[in-house]
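Peer 1: File name upload18.txt; file contents compact mmCIF, C-alpha atoms; full text below.
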```txt
# COMPACT_ATOMS: atom_id res chain seq x y z
CA MET O 1 0.00 0.00 0.00
CA THR O 2 3.03 2.27 0.06
CA THR O 3 3.06 2.78 -3.68
CA SER O 4 5.10 5.86 -4.44
CA TYR O 5 3.07 8.60 -6.00
CA ASP O 6 4.55 11.05 -8.46
CA SER O 7 2.03 13.87 -8.62
CA SER O 8 3.86 15.71 -11.41
CA SER O 9 3.11 13.08 -14.04
CA ALA O 10 0.69 10.50 -12.65
CA VAL O 11 -3.02 11.10 -12.91
CA ASP O 12 -4.66 10.38 -9.55
CA VAL O 13 -8.26 9.45 -8.73
CA ILE O 14 -9.33 13.10 -8.48
CA ASP O 15 -7.74 14.00 -11.85
CA ALA O 16 -9.33 10.94 -13.46
CA THR O 17 -12.82 11.65 -12.13
CA VAL O 18 -13.07 15.44 -12.63
CA PRO O 19 -11.58 14.77 -15.29
CA LEU O 20 -8.44 16.88 -15.69
CA ALA O 21 -6.04 16.37 -18.58
CA PRO O 22 -2.32 16.27 -17.64
CA THR O 23 -1.49 19.75 -18.98
CA GLN O 24 -4.86 21.44 -18.39
CA PRO O 25 -4.67 24.81 -16.53
CA THR O 26 -6.86 23.59 -13.62
CA ARG O 27 -4.57 20.60 -13.13
CA MET O 28 -1.50 22.87 -13.17
CA LEU O 29 -3.28 25.00 -10.57
CA ARG O 30 -4.03 21.91 -8.48
CA LEU O 31 -0.35 20.91 -8.54
CA GLN O 32 0.52 24.20 -6.83
CA ARG O 33 -0.85 22.48 -3.72
CA GLU O 34 1.21 19.35 -4.21
CA LYS O 35 1.06 18.26 -0.56
CA VAL O 36 -2.73 18.38 -0.65
CA VAL O 37 -2.76 16.35 -3.88
CA ALA O 38 -0.50 13.69 -2.35
CA ALA O 39 -2.38 13.54 0.98
CA THR O 40 -5.74 13.33 -0.81
CA GLN O 41 -4.57 10.32 -2.81
CA GLY O 42 -2.83 8.99 0.32
CA SER O 43 -6.12 9.24 2.22
CA TYR O 44 -7.96 7.44 -0.57
CA ASP O 45 -5.37 4.64 -0.47
CA ALA O 46 -5.70 4.40 3.32
CA MET O 47 -9.51 4.32 3.16
CA PHE O 48 -9.51 1.32 0.82
CA SER O 49 -6.42 -0.45 2.13
CA SER O 50 -6.65 -4.23 2.46
CA THR O 51 -4.82 -3.98 5.80
CA VAL O 52 -7.81 -2.32 7.51
CA GLU O 53 -9.70 -5.01 9.44
CA GLY O 54 -13.34 -5.39 10.38
CA LEU O 55 -14.86 -3.89 7.22
CA SER O 56 -14.01 -5.57 3.91
CA VAL O 57 -12.76 -3.62 0.90
CA ALA O 58 -15.97 -4.58 -0.94
CA GLU O 59 -18.08 -3.22 1.94
CA ARG O 60 -16.09 0.03 1.90
CA LEU O 61 -16.52 0.38 -1.87
CA LEU O 62 -20.28 -0.17 -1.48
CA VAL O 63 -20.32 2.57 1.18
CA ALA O 64 -18.50 4.85 -1.27
CA LEU O 65 -20.91 4.07 -4.10
CA HIS O 66 -23.89 4.77 -1.85
CA ALA O 67 -22.36 7.99 -0.50
CA CYS O 68 -21.72 9.28 -4.04
CA GLY O 69 -25.25 8.33 -5.12
CA VAL O 70 -26.75 10.21 -2.17
CA SER O 71 -24.45 13.18 -2.95
CA LYS O 72 -25.43 13.15 -6.66
CA ALA O 73 -21.74 12.86 -7.56
CA ALA O 74 -22.09 10.94 -10.83
CA THR O 75 -18.47 10.77 -11.98
CA LEU O 76 -17.22 9.58 -8.60
CA ALA O 77 -20.07 7.05 -8.36
CA ALA O 78 -18.94 5.65 -11.72
CA HIS O 79 -15.40 5.31 -10.35
CA TYR O 80 -16.56 3.27 -7.36
CA GLN O 81 -18.87 1.17 -9.52
CA ASP O 82 -15.89 0.26 -11.74
CA ARG O 83 -13.85 -0.70 -8.70
CA LEU O 84 -16.67 -2.87 -7.33
CA LEU O 85 -16.95 -4.67 -10.67
CA ALA O 86 -13.18 -5.20 -10.68
CA GLU O 87 -13.45 -6.69 -7.16
CA GLY O 88 -15.96 -9.20 -8.51
CA VAL O 89 -18.83 -7.98 -6.32
CA ASP O 90 -22.28 -9.22 -7.35
CA ARG O 91 -23.70 -6.99 -10.11
CA GLU O 92 -27.20 -7.01 -8.67
CA LEU O 93 -25.90 -5.87 -5.30
CA ILE O 94 -23.92 -3.05 -6.96
CA ALA O 95 -27.01 -1.96 -8.90
CA ALA O 96 -29.17 -2.02 -5.75
CA VAL O 97 -26.72 0.02 -3.68
CA GLY O 98 -26.10 2.42 -6.57
CA SER O 99 -29.81 3.19 -6.87
CA GLY O 100 -30.54 3.22 -3.14
CA VAL O 101 -32.67 0.06 -3.07
CA PRO O 102 -32.57 -1.60 0.40
CA VAL O 103 -30.28 -4.63 0.57
CA ALA O 104 -31.11 -7.97 2.18
CA ASP O 105 -28.06 -8.29 4.42
CA ALA O 106 -28.82 -6.74 7.83
CA ARG O 107 -25.23 -5.70 8.62
CA LEU O 108 -24.76 -4.01 5.23
CA ARG O 109 -28.19 -2.36 5.57
CA THR O 110 -27.17 -0.85 8.92
CA VAL O 111 -23.84 0.37 7.50
CA LEU O 112 -25.50 1.95 4.44
CA ALA O 113 -28.21 3.63 6.53
CA PHE O 114 -25.49 5.14 8.72
CA THR O 115 -23.70 6.28 5.54
CA ALA O 116 -26.71 8.08 4.06
CA SER O 117 -27.52 9.76 7.37
CA LEU O 118 -23.96 10.97 7.92
CA ILE O 119 -23.67 12.27 4.35
CA GLU O 120 -27.01 14.11 4.30
CA ARG O 121 -27.72 15.05 7.91
CA PRO O 122 -24.48 15.01 9.90
CA ILE O 123 -26.14 16.96 12.72
CA GLU O 124 -28.39 13.98 13.46
CA GLY O 125 -25.42 11.84 14.47
CA ASP O 126 -25.90 10.47 17.96
CA LYS O 127 -24.66 7.82 20.32
CA ALA O 128 -27.49 5.48 19.33
CA ALA O 129 -26.37 5.48 15.69
CA VAL O 130 -22.85 4.50 16.73
CA GLN O 131 -24.31 1.83 19.01
CA SER O 132 -26.31 0.42 16.08
CA LEU O 133 -23.02 -0.23 14.28
CA ALA O 134 -21.57 -1.97 17.33
CA ASP O 135 -24.76 -4.05 17.59
CA ALA O 136 -24.32 -5.02 13.92
CA GLY O 137 -20.94 -6.48 14.86
CA LEU O 138 -18.52 -3.66 14.05
CA THR O 139 -15.51 -3.28 16.34
CA THR O 140 -14.37 0.14 17.56
CA PRO O 141 -11.55 0.34 14.95
CA ALA O 142 -14.06 -0.68 12.24
CA ILE O 143 -16.49 2.07 13.34
CA VAL O 144 -13.65 4.62 13.23
CA ALA O 145 -12.72 3.36 9.75
CA LEU O 146 -16.32 3.71 8.58
CA GLY O 147 -16.64 7.21 10.06
CA GLN O 148 -13.38 8.30 8.43
CA LEU O 149 -14.41 6.78 5.11
CA ILE O 150 -17.79 8.53 4.96
CA ALA O 151 -16.27 11.82 6.11
CA PHE O 152 -13.48 11.49 3.53
CA LEU O 153 -16.08 10.87 0.80
CA SER O 154 -17.78 14.16 1.76
CA TYR O 155 -14.42 15.83 1.23
CA GLN O 156 -13.70 14.02 -2.04
CA VAL O 157 -17.14 14.90 -3.47
CA ARG O 158 -16.51 18.61 -2.77
CA VAL O 159 -12.95 18.64 -4.12
CA VAL O 160 -14.20 17.06 -7.34
CA ALA O 161 -17.18 19.46 -7.55
CA GLY O 162 -14.96 22.49 -6.95
CA LEU O 163 -12.38 21.39 -9.53
CA GLN O 164 -15.15 20.69 -12.06
CA ALA O 165 -16.38 24.27 -11.57
CA LEU O 166 -12.85 25.65 -11.98
CA ALA O 167 -12.35 23.58 -15.14
CA ALA O 168 -15.71 24.72 -16.54
CA ALA O 169 -14.83 28.36 -15.85
CA GLU O 170 -11.53 27.79 -17.66
CA VAL O 171 -13.18 26.65 -20.94
CA SER O 172 -15.91 29.29 -20.86
CA GLN O 173 -13.50 32.23 -20.73
CA MET T 1 -11.43 40.61 27.92
CA THR T 2 -14.32 40.82 25.46
CA LEU T 3 -17.55 38.95 26.07
CA PRO T 4 -17.91 35.60 24.34
CA ILE T 5 -20.23 35.30 21.34
CA ARG T 6 -23.21 33.04 22.03
CA ILE T 7 -25.70 32.91 19.15
CA LYS T 8 -28.18 30.17 18.22
CA GLY T 9 -26.24 27.52 20.13
CA PHE T 10 -22.89 28.52 18.57
CA THR T 11 -20.04 30.15 20.47
CA ASN T 12 -16.43 31.25 20.15
CA GLU T 13 -15.65 29.94 23.63
CA VAL T 14 -13.23 27.08 24.21
CA LEU T 15 -15.21 23.82 24.37
CA SER T 16 -14.15 20.26 25.05
CA TRP T 17 -15.28 17.12 23.29
CA LYS T 18 -16.42 13.80 24.74
CA PRO T 19 -16.02 10.66 22.59
CA TRP T 20 -18.66 7.93 22.31
CA LEU T 21 -15.96 5.32 21.60
CA ASP T 22 -12.96 4.34 23.72
CA PRO T 23 -9.86 6.36 22.74
CA VAL T 24 -6.53 4.64 22.19
CA ASP T 25 -4.52 4.44 25.43
CA VAL T 26 -1.52 6.59 24.60
CA ALA T 27 0.72 4.54 26.90
CA ALA T 28 -0.05 1.43 24.85
CA ALA T 29 -0.06 3.14 21.43
CA THR T 30 1.91 1.62 18.54
CA PRO T 31 4.70 3.58 16.80
CA ALA T 32 2.36 4.12 13.80
CA GLN T 33 -0.35 5.55 16.08
CA LEU T 34 2.12 7.90 17.78
CA ALA T 35 3.53 9.03 14.42
CA ALA T 36 0.03 9.82 13.15
CA LEU T 37 -0.81 11.81 16.32
CA ASP T 38 2.46 13.75 16.14
CA GLU T 39 1.89 14.56 12.46
CA MET T 40 -1.36 16.27 13.46
CA SER T 41 -0.09 18.52 16.25
CA PRO T 42 2.00 18.56 19.45
CA GLN T 43 -1.25 18.40 21.49
CA ALA T 44 -2.85 15.46 19.67
CA ARG T 45 -1.51 12.87 22.15
CA THR T 46 -3.74 14.38 24.84
CA SER T 47 -6.83 14.98 22.65
CA PRO T 48 -9.72 12.49 23.03
CA TYR T 49 -10.73 13.22 19.42
CA PHE T 50 -7.36 12.37 17.90
CA LEU T 51 -6.94 9.40 20.25
CA VAL T 52 -10.21 7.96 18.91
CA LEU T 53 -9.05 8.52 15.32
CA ALA T 54 -5.73 6.82 16.19
CA HIS T 55 -7.58 3.48 16.00
CA GLN T 56 -6.86 3.85 12.25
CA PRO T 57 -3.33 5.28 12.17
CA GLU T 58 -2.79 5.42 8.39
CA MET T 59 -6.11 7.24 7.89
CA LEU T 60 -5.23 9.69 10.67
CA LEU T 61 -1.72 10.21 9.30
CA GLN T 62 -2.92 11.09 5.79
CA ARG T 63 -5.75 13.23 7.11
CA SER T 64 -3.30 15.13 9.34
CA ILE T 65 -0.99 15.85 6.40
CA ALA T 66 -3.97 17.05 4.34
CA PHE T 67 -5.31 19.17 7.21
CA ASN T 68 -2.06 21.00 7.87
CA ALA T 69 -1.31 21.48 4.16
CA ILE T 70 -4.76 22.97 3.53
CA MET T 71 -4.97 25.26 6.55
CA PHE T 72 -1.34 26.41 6.87
CA ALA T 73 0.25 26.38 3.39
CA PRO T 74 1.95 29.70 2.55
CA GLY T 75 0.63 31.97 -0.21
CA GLY T 76 -2.78 31.82 -1.81
CA MET T 77 -5.82 32.63 0.32
CA PRO T 78 -5.05 34.47 3.57
CA ARG T 79 -5.27 32.01 6.47
CA ALA T 80 -8.04 34.00 8.17
CA GLU T 81 -10.26 33.49 5.11
CA ARG T 82 -9.56 29.75 5.11
CA GLU T 83 -10.68 29.76 8.76
CA LEU T 84 -13.80 31.68 7.72
CA GLY T 85 -14.62 29.02 5.09
CA ALA T 86 -14.12 26.34 7.77
CA THR T 87 -16.35 28.20 10.23
CA VAL T 88 -19.14 28.67 7.67
CA GLU T 89 -19.09 24.99 6.71
CA SER T 90 -19.18 24.04 10.41
CA ARG T 91 -22.08 26.44 11.06
CA VAL T 92 -24.06 25.04 8.11
CA ASN T 93 -23.45 21.45 9.24
CA GLY T 94 -24.29 22.32 12.84
CA CYS T 95 -20.86 21.37 14.23
CA VAL T 96 -20.73 23.55 17.33
CA TYR T 97 -17.32 22.26 18.38
CA CYS T 98 -15.58 22.88 15.02
CA ALA T 99 -17.28 26.27 14.68
CA SER T 100 -15.93 27.36 18.08
CA VAL T 101 -12.34 26.30 17.32
CA HIS T 102 -12.22 27.96 13.90
CA ALA T 103 -14.05 31.08 15.02
CA GLN T 104 -11.25 31.49 17.57
CA ARG T 105 -8.58 30.96 14.90
CA PHE T 106 -10.25 33.49 12.58
CA GLU T 107 -10.27 36.03 15.38
CA GLN T 108 -6.61 35.39 16.26
CA LEU T 109 -5.60 35.95 12.63
CA ALA T 110 -8.01 38.75 11.63
CA LYS T 111 -8.10 40.58 15.01
CA ARG T 112 -11.89 40.93 14.76
CA ASN T 113 -14.98 38.74 15.06
CA ASP T 114 -17.78 40.82 13.50
CA VAL T 115 -18.27 38.38 10.62
CA ILE T 116 -18.29 35.43 13.04
CA SER T 117 -21.35 36.85 14.82
CA GLN T 118 -23.01 37.27 11.43
CA VAL T 119 -22.18 33.69 10.41
CA PHE T 120 -23.61 32.34 13.65
CA GLU T 121 -26.75 34.51 13.33
CA GLU T 122 -27.54 33.94 9.64
CA PRO T 123 -24.85 32.51 7.36
CA ALA T 124 -26.70 33.31 4.11
CA SER T 125 -26.29 37.08 4.57
CA ALA T 126 -22.94 37.11 6.42
CA GLY T 127 -19.88 39.08 5.30
CA THR T 128 -18.54 42.57 6.05
CA THR T 129 -17.24 43.25 2.50
CA SER T 130 -18.27 42.10 -0.98
CA ARG T 131 -15.25 39.77 -0.99
CA GLU T 132 -16.21 38.25 2.36
CA LYS T 133 -19.85 37.85 1.31
CA ALA T 134 -18.78 36.01 -1.84
CA ILE T 135 -16.51 33.71 0.19
CA VAL T 136 -19.32 32.92 2.64
CA GLU T 137 -21.87 32.32 -0.14
CA PHE T 138 -19.54 29.98 -1.99
CA SER T 139 -18.74 28.09 1.23
CA ILE T 140 -22.44 27.53 1.92
CA ARG T 141 -23.07 26.36 -1.63
CA LEU T 142 -20.14 23.95 -1.82
CA GLY T 143 -20.97 22.65 1.66
CA ALA T 144 -24.70 22.16 1.22
CA GLU T 145 -25.14 21.53 -2.52
CA PRO T 146 -21.86 20.43 -4.06
CA ASP T 147 -23.66 19.10 -7.15
CA LYS T 148 -24.94 22.61 -7.94
CA VAL T 149 -21.55 24.38 -7.92
CA SER T 150 -20.73 25.72 -11.38
CA ALA T 151 -18.46 27.97 -13.44
CA GLU T 152 -20.77 30.86 -12.51
CA ASP T 153 -19.84 30.46 -8.82
CA VAL T 154 -16.16 30.60 -9.78
CA ARG T 155 -16.75 33.75 -11.84
CA MET T 156 -18.46 35.44 -8.89
CA LEU T 157 -15.39 34.81 -6.74
CA LYS T 158 -13.09 36.15 -9.46
CA GLU T 159 -15.26 39.27 -9.78
CA VAL T 160 -14.58 40.22 -6.17
CA GLY T 161 -10.86 39.72 -6.69
CA LEU T 162 -10.05 36.15 -5.71
CA THR T 163 -7.22 34.51 -7.65
CA GLU T 164 -7.54 30.94 -8.87
CA LEU T 165 -5.16 29.72 -6.16
CA GLU T 166 -7.30 31.46 -3.54
CA ILE T 167 -10.40 29.76 -4.96
CA LEU T 168 -8.64 26.38 -4.83
CA ASP T 169 -7.62 27.02 -1.20
CA LEU T 170 -11.23 27.86 -0.34
CA ILE T 171 -12.51 24.70 -2.04
CA HIS T 172 -10.00 22.63 -0.06
CA SER T 173 -10.85 24.34 3.22
CA VAL T 174 -14.62 23.89 2.85
CA ALA T 175 -14.17 20.28 1.68
CA LEU T 176 -11.85 19.56 4.62
CA PHE T 177 -14.52 20.69 7.05
CA ALA T 178 -17.17 18.58 5.34
CA TRP T 179 -14.80 15.80 6.49
CA ALA T 180 -13.93 17.12 9.96
CA ASN T 181 -17.51 18.06 10.92
CA ARG T 182 -18.76 14.56 10.14
CA LEU T 183 -16.16 13.00 12.44
CA MET T 184 -16.78 15.44 15.27
CA LEU T 185 -20.58 15.12 15.01
CA ASN T 186 -20.70 11.36 14.83
CA LEU T 187 -18.00 10.02 17.10
CA GLY T 188 -18.74 12.20 20.12
CA GLU T 189 -20.22 15.46 21.37
CA PRO T 190 -19.12 18.94 22.47
CA VAL T 191 -18.95 19.75 26.18
CA PHE T 192 -19.57 23.33 27.28
CA PRO T 193 -17.60 24.91 30.13
CA PRO T 194 -19.46 24.61 33.46
CA ALA T 195 -20.58 28.27 33.58
CA THR T 196 -22.44 27.99 30.27
CA ALA T 197 -23.67 24.42 30.56
CA ALA T 198 -27.22 25.62 31.16
CA SER T 199 -27.35 27.95 28.16
```
In structure tokens, how does this file's structure come out?

Peer 2:
Amino acid sequence: MTTSYDSSSAVDVIDATVPLAPTQPTRMLRLQREKVVAATQGSYDAMFSSTVEGLSVAERLLVALHACGVSKAATLAAHYQDRLLAEGVDRELIAAVGSGVPVADARLRTVLAFTASLIERPIEGDKAAVQSLADAGLTTPAIVALGQLIAFLSYQVRVVAGLQALAAAEVSQ
Amino acid sequence: MTLPIRIKGFTNEVLSWKPWLDPVDVAAATPAQLAALDEMSPQARTSPYFLVLAHQPEMLLQRSIAFNAIMFAPGGMPRAERELGATVESRVNGCVYCASVHAQRFEQLAKRNDVISQVFEEPASAGTTSREKAIVEFSIRLGAEPDKVSAEDVRMLKEVGLTELEILDLIHSVALFAWANRLMLNLGEPVFPPATAAS
């Protein structure tokens, strides 16, 4: 998971989803904050790392797909859908989560309900919601991982949206 | 000493935060957990919030690097305005704890808190200059309706004099607090100082 990341040439997940071409002005602008670029990709890698226990990579990708659907972030949702397909996750399950249809599995249902609530109405977070995750079998480190993941997705959605607006302003000048 | 601001449940007073999950015991922390805490700040080893996040050290480490790069990087948007973006996002999300911390940082940097009172009272109309109003409006929009942000919003910021790097810094700051607020609001709760506990 410690793949070295050369932000000057490599296209990261944000660049790919906005999308930003390698020499586009908005991408050159983005590279002026190189540490932010690297830590954003570093955070993404940490969120979906196979070394995180208690919440599988497939579960985390389903959380991401659901969060992007709820946030109406179409390009990011497509990214997570592609990753889920690459992981070999059941296509019907991906379609259900992508369109917000309730899933059969009780644990996943609890996790996705927590996701939607935290994305849309963060103020409603309470101790009972955290307890519902523990009751569904999540350990404390797994609950922290889930909270970080959903919160990171809120960040990622806004970075992509902001860069899309900057890129659109660039071409309309 | 000036009187604290207390408006609609928000304040610029120093609050504490009580976690709903067991924090990592710093005496038993792994080297990776300690490195992640130290990357955040010299005080993180004694903060219940960061000790809860230390359950996932790599996530905390990367988030800490992102946080410090976004809020403290030289050049671009003045740091006080980044703190304003953070405070607006926290106000809109209802994160009383984050709003108090970043209201204090704005005041330390800008040497005034007039706009903070306005943000707490009614964010939609807050701002003491056309530039500040545009920053607040953009922060609300990106925070609450990221899918609606467009080239027109960028043009409005440019019209009041923001450079592209300043706009990028504002986007990062608001996005960062979309992240931070959700952790603060869902892994614990703010605790008011005893004298104001009844307010």

Peer 1: Residues of chain T within 8 Å of chain O: nearest atom pair and distance (Å, one decimal) for each, counting all atoms listed in the file, sorted by chain and number, as CSV?

Peer 2:
```
residue,atom,partner,partner_atom,distance
T:Trp20,CA,O:Lys127,CA,6.3
T:Leu21,CA,O:Thr140,CA,6.8
T:Asp22,CA,O:Thr140,CA,7.6
T:Val52,CA,O:Val144,CA,7.4
T:Leu53,CA,O:Val144,CA,6.4
T:His55,CA,O:Pro141,CA,5.2
T:Gln56,CA,O:Ala145,CA,6.4
T:Glu58,CA,O:Ala46,CA,5.9
T:Met59,CA,O:Ala46,CA,5.4
T:Gln62,CA,O:Ser43,CA,5.1
T:Arg63,CA,O:Ser43,CA,6.3
T:Ile65,CA,O:Ala39,CA,6.1
T:Ala66,CA,O:Ala39,CA,5.1
T:Ala69,CA,O:Val36,CA,5.9
T:Ile70,CA,O:Val36,CA,6.5
T:Asn93,CA,O:Ile123,CA,6.3
T:Gly94,CA,O:Ile123,CA,5.7
T:Cys95,CA,O:Ile123,CA,7.0
T:Leu142,CA,O:Arg158,CA,6.5
T:Gly143,CA,O:Arg158,CA,7.5
T:Pro146,CA,O:Arg158,CA,5.8
T:Asp147,CA,O:Lys72,CA,6.2
T:Val149,CA,O:Ala165,CA,6.3
T:Ser150,CA,O:Ala165,CA,4.6
T:Ala151,CA,O:Ala169,CA,4.4
T:Glu152,CA,O:Ala169,CA,7.3
T:Asp153,CA,O:Ala165,CA,7.6
T:Val154,CA,O:Leu166,CA,6.3
T:Arg155,CA,O:Ala169,CA,7.0
T:Glu164,CA,O:Leu29,CA,7.5
T:Leu165,CA,O:Leu29,CA,6.7
T:Leu168,CA,O:Arg30,CA,7.4
T:Ile171,CA,O:Gly162,CA,5.9
T:His172,CA,O:Val159,CA,6.4
T:Val174,CA,O:Arg158,CA,7.9
T:Ala175,CA,O:Tyr155,CA,4.5
T:Leu176,CA,O:Tyr155,CA,5.7
T:Phe177,CA,O:Tyr155,CA,7.6
T:Ala178,CA,O:Tyr155,CA,5.7
T:Trp179,CA,O:Ala151,CA,4.3
T:Ala180,CA,O:Ala151,CA,7.0
T:Asn181,CA,O:Pro122,CA,7.7
T:Arg182,CA,O:Ala151,CA,5.5
T:Leu183,CA,O:Gly147,CA,6.3
T:Leu185,CA,O:Gly125,CA,5.9
T:Asn186,CA,O:Gly125,CA,4.8
T:Leu187,CA,O:Val130,CA,7.4
T:Gly188,CA,O:Lys127,CA,7.4
```

Peer 1: Hey, can you spit out that residue selection with C-alpha atoms as an mmCIF file, in the coordinates of the input?

Peer 2:
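Result saved to selection.cif:
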```
data_model
loop_
_atom_site.group_PDB
_atom_site.id
_atom_site.type_symbol
_atom_site.label_atom_id
_atom_site.label_comp_id
_atom_site.auth_asym_id
_atom_site.auth_seq_id
_atom_site.Cartn_x
_atom_site.Cartn_y
_atom_site.Cartn_z
ATOM 1 C CA TRP T 20 -18.660 7.930 22.310
ATOM 2 C CA LEU T 21 -15.960 5.320 21.600
ATOM 3 C CA ASP T 22 -12.960 4.340 23.720
ATOM 4 C CA VAL T 52 -10.210 7.960 18.910
ATOM 5 C CA LEU T 53 -9.050 8.520 15.320
ATOM 6 C CA HIS T 55 -7.580 3.480 16.000
ATOM 7 C CA GLN T 56 -6.860 3.850 12.250
ATOM 8 C CA GLU T 58 -2.790 5.420 8.390
ATOM 9 C CA MET T 59 -6.110 7.240 7.890
ATOM 10 C CA GLN T 62 -2.920 11.090 5.790
ATOM 11 C CA ARG T 63 -5.750 13.230 7.110
ATOM 12 C CA ILE T 65 -0.990 15.850 6.400
ATOM 13 C CA ALA T 66 -3.970 17.050 4.340
ATOM 14 C CA ALA T 69 -1.310 21.480 4.160
ATOM 15 C CA ILE T 70 -4.760 22.970 3.530
ATOM 16 C CA ASN T 93 -23.450 21.450 9.240
ATOM 17 C CA GLY T 94 -24.290 22.320 12.840
ATOM 18 C CA CYS T 95 -20.860 21.370 14.230
ATOM 19 C CA LEU T 142 -20.140 23.950 -1.820
ATOM 20 C CA GLY T 143 -20.970 22.650 1.660
ATOM 21 C CA PRO T 146 -21.860 20.430 -4.060
ATOM 22 C CA ASP T 147 -23.660 19.100 -7.150
ATOM 23 C CA VAL T 149 -21.550 24.380 -7.920
ATOM 24 C CA SER T 150 -20.730 25.720 -11.380
ATOM 25 C CA ALA T 151 -18.460 27.970 -13.440
ATOM 26 C CA GLU T 152 -20.770 30.860 -12.510
ATOM 27 C CA ASP T 153 -19.840 30.460 -8.820
ATOM 28 C CA VAL T 154 -16.160 30.600 -9.780
ATOM 29 C CA ARG T 155 -16.750 33.750 -11.840
ATOM 30 C CA GLU T 164 -7.540 30.940 -8.870
ATOM 31 C CA LEU T 165 -5.160 29.720 -6.160
ATOM 32 C CA LEU T 168 -8.640 26.380 -4.830
ATOM 33 C CA ILE T 171 -12.510 24.700 -2.040
ATOM 34 C CA HIS T 172 -10.000 22.630 -0.060
ATOM 35 C CA VAL T 174 -14.620 23.890 2.850
ATOM 36 C CA ALA T 175 -14.170 20.280 1.680
ATOM 37 C CA LEU T 176 -11.850 19.560 4.620
ATOM 38 C CA PHE T 177 -14.520 20.690 7.050
ATOM 39 C CA ALA T 178 -17.170 18.580 5.340
ATOM 40 C CA TRP T 179 -14.800 15.800 6.490
ATOM 41 C CA ALA T 180 -13.930 17.120 9.960
ATOM 42 C CA ASN T 181 -17.510 18.060 10.920
ATOM 43 C CA ARG T 182 -18.760 14.560 10.140
ATOM 44 C CA LEU T 183 -16.160 13.000 12.440
ATOM 45 C CA LEU T 185 -20.580 15.120 15.010
ATOM 46 C CA ASN T 186 -20.700 11.360 14.830
ATOM 47 C CA LEU T 187 -18.000 10.020 17.100
ATOM 48 C CA GLY T 188 -18.740 12.200 20.120
#
```

Peer 1: Find the residue from T:Pro57, T:Pro42, T:Gly9, T:Pro31 that sits nearest to T:Pro190; use only C-alpha atoms when measuring.

Peer 2: T:Gly9

Peer 1: Give me the box for stretch 122-140 of chain T as AutoDock Vina command-line options, namely the centre and edge lengths in Å to one decimal of a box along x, y and z that holds every listed atom plus 8 Å on each side.

Peer 2:
```
--center_x -21.4 --center_y 35.4 --center_z 3.8 --size_x 28.3 --size_y 31.7 --size_z 27.6
```

Peer 1: Would you work out the distance separating atom CA of O:Leu61 from atom CA of O:Ile94, expressed in Å to one decimal?

Peer 2: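 Atom-to-atom, atom CA of O:Leu61 and atom CA of O:Ile94 are spaced 9.6 Å apart.
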
Peer 1: Which residue out of T:Val88, T:Ala80, T:Val191, T:Arg105 has the minimum interatomic distance to T:Ser125 when only C-alpha atoms are used?

Peer 2: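 For T:Ser125, the nearest of the candidates is T:Val88.
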
Peer 1: Between O:Gly54, O:Gly98, O:Pro25, O:Gly137, which has the minimum distance to O:Tyr80 (counting all atoms listed in the file)?

Peer 2: O:Gly98

Peer 1: Would you work out the distance separating atom CA of O:Leu84 from atom CA of O:Asp12, expressed in Å to one decimal?

Peer 2: 18.0 Å

Peer 1: Counting only C-alpha atoms, find residues at most 7 Å from (-19.1, 32.3, 10.7) (file frame) and give them as a list in words.

Peer 2: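 In the file's frame, the residues around the point are Leu84, Thr87, Val88, Arg91, Ala103, Val115, Ile116, Ser117, Gln118, Val119, Phe120 and Pro123 of chain T.
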
Peer 1: Using only C-alpha atoms, determine which residues lie at most 10 Å from T:Pro78, disregarding the query and same-chain residues fewer than 4 positions distant; provide the list as number ranges by chain.

Peer 2: T: 71-74, 82-83, 109-110, 166, 169-170

Peer 1: Using atom CA of O:Gln81 and atom CA of O:Ala106 as the two end points, give the distance in Å to one decimal.

Peer 2: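 Atom CA of O:Gln81 sits 21.5 Å away from atom CA of O:Ala106.
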
Peer 1: Give the answer as one residue: which of T:Leu3, T:Ala134, T:Leu34, T:Met184 has the shortest atom-to-atom distance to T:Ser90, using all atoms listed in the file?

Peer 2: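 The shortest atom-to-atom distance to T:Ser90 comes from T:Met184.
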
Peer 1: Which residues are near stretch 46-49 of chain T? Cut-off 8 Å, only C-alpha atoms, ignore same chain within fewer than 2 positions. Put them as an MDAnalysis selection string.

Peer 2: chainID T and resid 17:19 23 43:44 51:53 184
